[in-house]
file start-v8.tsv (TSV, C-alpha atoms)
chain	number	residue	atom	x	y	z
G	22	MET	CA	-8.79	-43.31	-60.00
G	23	GLN	CA	-11.54	-43.14	-57.41
G	24	LYS	CA	-9.17	-44.44	-54.69
G	25	ARG	CA	-6.59	-41.80	-55.65
G	26	SER	CA	-9.23	-39.02	-55.57
G	27	ALA	CA	-10.44	-40.15	-52.15
G	28	ARG	CA	-6.87	-40.22	-50.89
G	29	ALA	CA	-6.21	-36.76	-52.32
G	30	ARG	CA	-9.33	-35.39	-50.68
G	31	MET	CA	-8.27	-36.88	-47.34
G	32	VAL	CA	-4.83	-35.30	-47.60
G	33	ALA	CA	-6.43	-31.94	-48.41
G	34	VAL	CA	-8.78	-32.16	-45.40
G	35	LEU	CA	-5.95	-33.11	-43.05
G	36	GLY	CA	-3.83	-30.28	-44.40
G	37	ALA	CA	-6.61	-27.79	-43.81
G	38	ALA	CA	-7.09	-29.07	-40.26
G	39	VAL	CA	-3.40	-28.70	-39.52
G	40	THR	CA	-3.51	-25.17	-40.88
G	41	LEU	CA	-6.51	-24.29	-38.69
G	42	VAL	CA	-4.79	-25.62	-35.58
G	43	ALA	CA	-1.31	-24.33	-36.29
G	44	GLY	CA	-2.48	-20.92	-37.49
G	45	PRO	CA	-3.79	-19.62	-34.13
G	46	LEU	CA	-0.86	-21.18	-32.29
G	47	THR	CA	1.58	-19.46	-34.61
G	48	THR	CA	-0.27	-16.17	-34.27
G	49	GLN	CA	-0.29	-16.47	-30.48
G	50	ALA	CA	3.42	-17.27	-30.40
G	51	GLN	CA	4.15	-14.31	-32.65
G	52	ALA	CA	2.09	-12.02	-30.42
G	53	GLN	CA	3.96	-13.18	-27.35
G	54	ALA	CA	7.28	-12.72	-29.10
G	55	ALA	CA	6.25	-9.23	-30.16
G	56	ALA	CA	5.27	-8.15	-26.63
G	57	PRO	CA	7.67	-5.49	-25.34
G	58	PRO	CA	9.94	-6.39	-22.40
G	59	LEU	CA	8.60	-5.54	-18.96
G	60	VAL	CA	9.91	-2.20	-17.74
G	61	TYR	CA	8.54	-1.42	-14.28
G	62	VAL	CA	8.56	1.96	-12.52
G	63	ALA	CA	7.32	2.29	-8.91
G	64	MET	CA	6.29	5.75	-7.70
G	65	GLY	CA	4.81	7.01	-4.46
G	66	ASP	CA	5.15	7.94	-0.81
G	67	SER	CA	6.25	6.13	2.36
G	68	PHE	CA	3.40	3.60	2.16
G	69	ALA	CA	4.77	2.51	-1.21
G	70	ALA	CA	8.42	2.93	-0.19
G	71	GLY	CA	7.93	0.77	2.89
G	72	SER	CA	9.86	3.30	4.93
G	73	LEU	CA	12.19	1.71	7.48
G	74	VAL	CA	10.99	-1.82	6.89
G	75	LEU	CA	14.25	-3.74	6.92
G	76	PRO	CA	16.35	-4.50	5.01
G	77	ALA	CA	16.56	-1.06	3.48
G	78	LYS	CA	18.02	-0.31	0.07
G	79	GLU	CA	18.20	3.43	0.76
G	80	VAL	CA	17.95	5.12	4.15
G	81	LEU	CA	18.92	8.78	4.34
G	82	THR	CA	17.05	10.33	1.43
G	83	CYS	CA	13.85	8.29	0.99
G	84	ALA	CA	14.02	5.54	3.63
G	85	ARG	CA	13.16	3.02	0.93
G	86	SER	CA	12.81	-0.65	1.83
G	87	ALA	CA	14.34	-3.50	-0.15
G	88	VAL	CA	11.17	-5.47	0.57
G	89	ASN	CA	8.50	-2.93	-0.31
G	90	TYR	CA	5.75	-4.33	-2.52
G	91	ALA	CA	7.38	-2.99	-5.68
G	92	SER	CA	10.66	-4.78	-4.95
G	93	LEU	CA	8.85	-8.01	-4.12
G	94	ILE	CA	6.86	-7.76	-7.35
G	95	ALA	CA	10.02	-7.11	-9.35
G	96	ALA	CA	11.69	-10.13	-7.76
G	97	GLN	CA	8.81	-12.29	-8.98
G	98	LEU	CA	8.25	-10.75	-12.43
G	99	GLN	CA	11.94	-10.29	-13.24
G	100	PRO	CA	11.44	-7.20	-15.44
G	101	ALA	CA	14.02	-6.16	-17.98
G	102	LYS	CA	14.31	-2.87	-16.08
G	103	PHE	CA	13.06	-1.86	-12.62
G	104	ARG	CA	13.17	1.68	-11.27
G	105	ASP	CA	11.90	2.23	-7.73
G	106	VAL	CA	11.64	5.94	-6.97
G	107	THR	CA	9.14	5.71	-4.10
G	108	CYS	CA	10.13	8.08	-1.32
G	109	GLY	CA	9.11	8.69	2.26
G	110	ALA	CA	7.27	12.01	2.82
G	111	ALA	CA	6.60	12.40	-0.92
G	112	GLU	CA	3.72	14.52	-2.17
G	113	THR	CA	2.47	14.75	-5.73
G	114	LYS	CA	4.53	17.94	-6.19
G	115	HIS	CA	7.63	15.77	-5.87
G	116	PHE	CA	6.68	13.87	-9.00
G	117	ALA	CA	7.67	16.92	-11.05
G	118	ASN	CA	10.11	18.55	-8.62
G	119	PRO	CA	13.12	17.45	-6.55
G	120	GLN	CA	12.37	16.33	-3.00
G	121	PRO	CA	14.58	17.24	-0.05
G	122	GLY	CA	15.90	14.11	1.64
G	123	ILE	CA	14.46	12.96	4.93
G	124	VAL	CA	17.94	13.23	6.47
G	125	LEU	CA	20.39	13.99	3.66
G	126	GLY	CA	20.47	14.42	-0.08
G	127	THR	CA	17.82	15.22	-2.64
G	128	ALA	CA	15.57	12.82	-4.52
G	129	ALA	CA	15.13	13.47	-8.23
G	130	PRO	CA	11.62	14.17	-9.54
G	131	GLN	CA	9.82	10.84	-9.71
G	132	TYR	CA	8.53	11.49	-13.23
G	133	ASP	CA	12.16	11.36	-14.38
G	134	ALA	CA	12.14	7.58	-13.93
G	135	LEU	CA	9.55	7.17	-16.68
G	136	SER	CA	10.53	6.48	-20.26
G	137	ALA	CA	8.91	5.60	-23.57
G	138	ASP	CA	9.68	1.91	-23.01
G	139	THR	CA	7.98	1.77	-19.57
G	140	THR	CA	5.25	-0.87	-19.58
G	141	LEU	CA	4.10	-0.93	-15.92
G	142	VAL	CA	3.76	1.88	-13.37
G	143	THR	CA	2.49	1.61	-9.79
G	144	VAL	CA	1.56	4.81	-7.96
G	145	GLY	CA	0.71	5.17	-4.28
G	146	ILE	CA	0.32	8.82	-3.25
G	147	GLY	CA	-1.98	11.39	-1.68
G	148	GLY	CA	-1.80	10.88	2.07
G	149	ASN	CA	0.85	13.55	2.57
G	150	ASP	CA	-0.91	15.95	0.22
G	151	ILE	CA	-3.93	16.04	2.52
G	152	GLY	CA	-1.92	15.81	5.74
G	153	LEU	CA	-3.52	12.55	6.86
G	154	VAL	CA	-0.73	11.25	9.10
G	155	GLY	CA	-0.37	14.63	10.80
G	156	LEU	CA	-4.09	14.69	11.42
G	157	ALA	CA	-3.93	11.18	12.88
G	158	PHE	CA	-1.32	12.29	15.41
G	159	SER	CA	-3.49	15.28	16.31
G	160	CYS	CA	-6.25	12.82	17.18
G	161	VAL	CA	-4.16	11.07	19.84
G	162	ASN	CA	-5.86	11.46	23.20
G	163	LEU	CA	-4.59	9.74	26.34
G	164	LEU	CA	-7.57	10.99	28.33
G	165	PRO	CA	-10.70	8.83	28.56
G	166	PRO	CA	-13.34	9.42	25.88
G	167	GLY	CA	-15.40	12.49	26.63
G	168	VAL	CA	-12.63	14.27	28.53
G	169	GLY	CA	-11.36	16.98	26.23
G	170	LYS	CA	-12.18	17.66	22.59
G	171	SER	CA	-12.17	15.20	19.74
G	172	CYS	CA	-10.30	15.85	16.50
G	173	LYS	CA	-13.48	15.07	14.58
G	174	ALA	CA	-15.24	17.91	16.38
G	175	ALA	CA	-12.33	20.23	15.63
G	176	ASN	CA	-12.44	19.40	11.91
G	177	THR	CA	-16.22	19.49	11.46
G	178	SER	CA	-16.99	22.65	13.39
G	179	GLY	CA	-19.99	24.49	12.01
G	180	GLY	CA	-21.16	21.45	10.10
G	181	VAL	CA	-18.35	21.70	7.53
G	182	ASP	CA	-15.97	18.77	7.19
G	183	LEU	CA	-12.68	20.47	6.44
G	184	LEU	CA	-10.82	17.25	5.71
G	185	ALA	CA	-13.49	15.98	3.32
G	186	GLN	CA	-13.31	19.30	1.48
G	187	LYS	CA	-9.53	19.02	1.26
G	188	ILE	CA	-9.71	15.48	-0.14
G	189	ASP	CA	-12.31	16.45	-2.75
G	190	ALA	CA	-10.27	19.47	-3.82
G	191	PHE	CA	-7.17	17.29	-4.16
G	192	ALA	CA	-8.90	14.50	-6.14
G	193	PRO	CA	-8.37	15.95	-9.67
G	194	THR	CA	-4.62	15.84	-9.03
G	195	TYR	CA	-4.83	12.07	-9.43
G	196	GLY	CA	-6.14	12.60	-12.95
G	197	THR	CA	-3.32	15.03	-13.69
G	198	VAL	CA	-0.77	12.47	-12.46
G	199	ILE	CA	-2.23	9.72	-14.65
G	200	GLU	CA	-2.21	11.92	-17.76
G	201	GLU	CA	1.38	13.03	-17.14
G	202	ILE	CA	2.51	9.42	-16.72
G	203	ARG	CA	0.71	8.45	-19.93
G	204	GLN	CA	2.39	11.27	-21.84
G	205	ARG	CA	5.83	10.14	-20.69
G	206	ALA	CA	5.13	6.40	-20.85
G	207	PRO	CA	2.41	5.82	-23.49
G	208	GLN	CA	2.80	2.01	-23.42
G	209	ALA	CA	2.46	1.69	-19.66
G	210	LYS	CA	-0.32	0.04	-17.70
G	211	ILE	CA	-0.91	2.46	-14.82
G	212	LEU	CA	-1.93	1.08	-11.42
G	213	MET	CA	-3.13	3.55	-8.80
G	214	VAL	CA	-2.53	1.73	-5.53
G	215	GLY	CA	-4.89	2.69	-2.70
G	216	TYR	CA	-4.20	2.78	1.02
G	217	PRO	CA	-4.87	-0.19	3.34
G	218	THR	CA	-7.44	-0.21	6.12
G	219	GLY	CA	-5.96	1.67	9.06
G	220	ILE	CA	-8.19	1.09	12.06
G	221	ARG	CA	-11.34	-0.89	12.83
G	222	LYS	CA	-14.74	0.64	13.44
G	223	GLY	CA	-14.90	2.18	16.90
G	224	GLY	CA	-11.12	2.03	17.30
G	225	CYS	CA	-9.47	0.33	20.25
G	226	TRP	CA	-8.68	3.02	22.82
G	227	PRO	CA	-6.40	2.87	24.82
G	228	VAL	CA	-4.40	0.28	22.79
G	229	VAL	CA	-4.40	2.91	20.05
G	230	PRO	CA	-5.15	6.10	22.04
G	231	VAL	CA	-7.68	7.59	19.65
G	232	TRP	CA	-11.30	7.92	20.70
G	233	GLY	CA	-13.80	5.76	18.83
G	234	MET	CA	-15.50	8.66	17.05
G	235	ASP	CA	-12.13	9.99	15.96
G	236	ALA	CA	-10.96	6.57	14.77
G	237	ASP	CA	-14.07	6.34	12.60
G	238	TYR	CA	-13.47	9.86	11.32
G	239	LEU	CA	-9.89	9.06	10.34
G	240	GLN	CA	-10.84	5.81	8.63
G	241	ALA	CA	-13.69	7.56	6.79
G	242	ALA	CA	-11.17	10.11	5.49
G	243	LEU	CA	-8.87	7.33	4.30
G	244	THR	CA	-11.81	5.61	2.61
G	245	ARG	CA	-12.79	8.89	0.96
G	246	LEU	CA	-9.27	9.37	-0.38
G	247	ASN	CA	-9.28	5.83	-1.80
G	248	THR	CA	-12.68	6.44	-3.38
G	249	ARG	CA	-11.51	9.62	-5.08
G	250	MET	CA	-8.41	7.83	-6.32
G	251	ALA	CA	-10.56	5.04	-7.76
G	252	GLU	CA	-12.88	7.54	-9.45
G	253	GLN	CA	-10.01	9.39	-11.08
G	254	ALA	CA	-8.36	6.14	-12.16
G	255	SER	CA	-11.59	5.08	-13.88
G	256	ALA	CA	-12.08	8.48	-15.51
G	257	HIS	CA	-8.54	8.54	-16.91
G	258	GLY	CA	-8.12	4.95	-18.05
G	259	ALA	CA	-5.93	3.69	-15.21
G	260	THR	CA	-6.53	0.74	-12.89
G	261	TYR	CA	-7.31	1.18	-9.20
G	262	VAL	CA	-5.79	-1.35	-6.80
G	263	ASP	CA	-7.89	-1.89	-3.67
G	264	LEU	CA	-5.65	-2.65	-0.68
G	265	ALA	CA	-8.33	-1.66	1.85
G	266	THR	CA	-10.54	-4.73	1.39
G	267	PRO	CA	-7.90	-7.47	1.76
G	268	SER	CA	-6.43	-5.68	4.80
G	269	VAL	CA	-9.69	-5.68	6.79
G	270	GLY	CA	-8.99	-7.55	10.01
G	271	HIS	CA	-5.31	-6.64	9.88
G	272	ASP	CA	-5.54	-3.05	11.14
G	273	MET	CA	-3.41	-1.40	13.82
G	274	CYS	CA	-5.73	-2.63	16.60
G	275	LYS	CA	-4.72	-6.24	15.98
G	276	SER	CA	-1.92	-8.16	17.67
G	277	ALA	CA	1.62	-8.00	16.35
G	278	SER	CA	1.18	-11.40	14.72
G	279	THR	CA	-1.92	-10.27	12.78
G	280	ARG	CA	-1.66	-6.59	11.93
G	281	TRP	CA	-0.33	-5.27	8.65
G	282	ILE	CA	-0.13	-1.64	9.76
G	283	GLU	CA	1.51	-0.26	12.88
G	284	GLY	CA	-0.11	1.83	15.60
G	285	LEU	CA	1.42	4.76	17.42
G	286	ILE	CA	4.02	2.55	19.08
G	287	PRO	CA	5.48	0.17	16.47
G	288	SER	CA	6.51	-3.30	17.53
G	289	PRO	CA	10.03	-4.45	16.60
G	290	THR	CA	8.67	-7.96	16.11
G	291	THR	CA	6.60	-6.87	13.07
G	292	ASN	CA	9.49	-5.23	11.19
G	293	GLY	CA	7.69	-1.94	10.94
G	294	LEU	CA	9.36	1.06	12.57
G	295	VAL	CA	7.18	3.94	11.34
G	296	PRO	CA	3.93	4.60	13.24
G	297	LEU	CA	0.69	4.39	11.24
G	298	HIS	CA	2.49	2.73	8.31
G	299	PRO	CA	2.62	-0.77	6.81
G	300	ASN	CA	4.93	-3.32	8.37
G	301	ALA	CA	6.66	-6.15	6.52
G	302	ALA	CA	3.51	-8.28	6.48
G	303	GLY	CA	1.49	-5.39	5.06
G	304	LEU	CA	3.93	-4.92	2.21
G	305	ARG	CA	4.17	-8.63	1.51
G	306	ASN	CA	0.42	-9.11	1.48
G	307	ALA	CA	-0.08	-6.25	-0.97
G	308	VAL	CA	1.81	-8.16	-3.65
G	309	PRO	CA	-0.90	-10.63	-4.78
G	310	THR	CA	-3.48	-7.85	-5.07
G	311	VAL	CA	-1.19	-5.63	-7.15
G	312	LEU	CA	-0.14	-8.53	-9.37
G	313	ALA	CA	-3.76	-9.50	-9.99
G	314	ALA	CA	-4.62	-5.91	-10.96
G	315	ALA	CA	-1.63	-5.82	-13.32
G	316	GLY	CA	-2.87	-8.97	-15.04
G	317	LEU	CA	0.65	-10.34	-15.05
G	318	SER	CA	1.70	-13.86	-14.21
G	319	VAL	CA	4.88	-14.82	-12.43
G	320	PRO	CA	7.37	-16.51	-14.79
G	321	THR	CA	7.75	-20.22	-14.13
G	322	LYS	CA	11.22	-21.62	-13.60
G	323	ALA	CA	12.49	-24.09	-16.16

call {"tool": "encode", "arguments": {"input": "start-v8.tsv", "output": "structure tokens"}}
result
Amino acid sequence: MQKRSARARMVAVLGAAVTLVAGPLTTQAQAQAAAPPLVYVAMGDSFAAGSLVLPAKEVLTCARSAVNYASLIAAQLQPAKFRDVTCGAAETKHFANPQPGIVLGTAAPQYDALSADTTLVTVGIGGNDIGLVGLAFSCVNLLPPGVGKSCKAANTSGGVDLLAQKIDAFAPTYGTVIEEIRQRAPQAKILMVGYPTGIRKGGCWPVVPVWGMDADYLQAALTRLNTRMAEQASAHGATYVDLATPSVGHDMCKSASTRWIEGLIPSPTTNGLVPLHPNAAGLRNAVPTVLAAAGLSVPTKA
């Protein structure tokens, strides 16, 4: 009798142990099975669209690249659905309204790509809203530093930084965008993707013909825009993706083999045809940072 009781107790203990081990595994497997399929929507402007980085998947309306960071991410994650509505020259107003094509056609409002089953959204926007690229071109100066007037001086006359004021006034729009996305896609993880580093401290005149003080002014404005984006992302429960830090040392002053963003005269060897915009390397090197922020792993092949 005692031997039978001991054996019974041993069986009971082993059974309990199996239950303890199998229980969490079963629960984890059930949770994974219950996870909704990945539905990815990419929104944004030319930095997100990868305008004119070849090969292109759309040219005349949005100049959208087939190898922008969203497309590269989708190729790795293999989502159930992928909608890329990034568009060159887009402003936040084009999220809710149609956008005239760069050459032909009309792009639908970017919000229209969102749906209740969307689980991931990347958003890169704001530069066109504050006129940053236009300002950068206004800072071009072929004359030696000190000959003429700097664009920084023109924009800070009277001790008031007009561009900084414009960025700060625009900042709440990021919060509005996040809330609108959440209303249309309540399941989605929202990633607000910042802009990469554009130019090094002090610039590199005449390689990039912008005086040092103006180069620093432009980069400070870009940093300010990223900071406001990050603040609004935090305040509204989204995730900010920092592309500025990993792109340090790869700015437009660098050689064609090193830079991730083009200067005023793009090099055909970098596969980047739009001045002051990311080239193929810039788009490709954004992928690991965005994936890490998304907290998603690339599926392994069987």

call {"tool": "atom_distance", "arguments": {"input": "start-v8.tsv", "atom1": "atom CA of G:Ala87", "atom2": "atom CA of G:Ala137"}}
result
25.7 Å

call {"tool": "atom_distance", "arguments": {"input": "start-v8.tsv", "atom1": "atom CA of G:Val311", "atom2": "atom CA of G:Ile94"}}
result
8.3 Å

call {"tool": "atom_distance", "arguments": {"input": "start-v8.tsv", "atom1": "atom CA of G:Leu135", "atom2": "atom CA of G:Thr113"}}
result
15.1 Å

call {"tool": "axis_aligned_box", "arguments": {"input": "start-v8.tsv", "around": "stretch 186-198 of chain G", "padding_each_side": "3 Å", "output": "JSON"}}
result
{"center_x": -7.0, "center_y": 15.8, "center_z": -6.1, "size_x": 18.5, "size_y": 13.4, "size_z": 21.2}

call {"tool": "closest_residue", "arguments": {"input": "start-v8.tsv", "among": "G:Thr143, G:Gln204, G:Asn306, G:Thr260", "to": "G:Ala63", "atoms": "all atoms listed in the file"}}
result
G:Thr143

call {"tool": "closest_residue", "arguments": {"input": "start-v8.tsv", "among": "G:Gly270, G:Gly109, G:Gly258, G:Pro193", "to": "G:Gly148", "atoms": "all atoms listed in the file"}}
result
G:Gly109

call {"tool": "closest_residue", "arguments": {"input": "start-v8.tsv", "among": "G:Gly293, G:Ser136, G:Trp232, G:Leu75", "to": "G:Arg203", "atoms": "only C-alpha atoms"}}
result
G:Ser136

call {"tool": "residues_near_point", "arguments": {"input": "start-v8.tsv", "point": "(-8.8, 9.6, 19.0)", "cutoff": "6 Å", "atoms": "all atoms listed in the file", "output": "number ranges by chain"}}
result
G: 160-162, 230-232, 235-236

call {"tool": "write_last_selection", "arguments": {"input": "start-v8.tsv", "atoms": "C-alpha atoms", "output": "PDB file, keeping the file's coordinate frame"}}
result
ATOM      1  CA  CYS G 160      -6.250  12.820  17.180  1.00  0.00           C
ATOM      2  CA  VAL G 161      -4.160  11.070  19.840  1.00  0.00           C
ATOM      3  CA  ASN G 162      -5.860  11.460  23.200  1.00  0.00           C
ATOM      4  CA  PRO G 230      -5.150   6.100  22.040  1.00  0.00           C
ATOM      5  CA  VAL G 231      -7.680   7.590  19.650  1.00  0.00           C
ATOM      6  CA  TRP G 232     -11.300   7.920  20.700  1.00  0.00           C
ATOM      7  CA  ASP G 235     -12.130   9.990  15.960  1.00  0.00           C
ATOM      8  CA  ALA G 236     -10.960   6.570  14.770  1.00  0.00           C
TER       9      ALA G 236
END

call {"tool": "residues_around", "arguments": {"input": "start-v8.tsv", "residues": "G:Ser171", "least_positions_apart": "2", "cutoff": "12 Å", "atoms": "all atoms listed in the file", "output": "JSON, numbers by chain"}}
result
{"G": [156, 157, 159, 160, 161, 162, 163, 164, 165, 166, 167, 168, 169, 173, 174, 175, 176, 177, 178, 230, 231, 232, 233, 234, 235, 236, 237, 238, 239]}

call {"tool": "closest_residue", "arguments": {"input": "start-v8.tsv", "among": "G:Pro217, G:Gly196, G:Pro76, G:Pro299", "to": "G:Ala251", "atoms": "only C-alpha atoms"}}
result
G:Gly196

call {"tool": "closest_residue", "arguments": {"input": "start-v8.tsv", "among": "G:Glu201, G:Glu79, G:Asp150, G:Asp263", "to": "G:Asp133", "atoms": "all atoms listed in the file"}}
result
G:Glu201

call {"tool": "residues_around", "arguments": {"input": "start-v8.tsv", "residues": "stretch 210-216 of chain G", "least_positions_apart": "6", "cutoff": "9 Å", "atoms": "all atoms listed in the file", "output": "PyMOL selection string"}}
result
chain G and resi 68-69+139-146+148+195+199+202-203+243-244+246-248+250-251+254+258-265+311+314-315

call {"tool": "residues_around", "arguments": {"input": "start-v8.tsv", "residues": "G:Gln131", "least_positions_apart": "5", "cutoff": "12 Å", "atoms": "only C-alpha atoms", "output": "PyMOL selection string"}}
result
chain G and resi 62-66+83+104-108+111-120+136+142-144+146+198+201-202+205

call {"tool": "closest_residue", "arguments": {"input": "start-v8.tsv", "among": "G:Arg245, G:Cys274, G:Tyr90, G:Val74", "to": "G:Thr290", "atoms": "only C-alpha atoms"}}
result
G:Val74

call {"tool": "residues_around", "arguments": {"input": "start-v8.tsv", "residues": "G:Ser86", "least_positions_apart": "2", "cutoff": "9 Å", "atoms": "all atoms listed in the file", "output": "PyMOL selection string"}}
result
chain G and resi 70-80+84+88-89+92
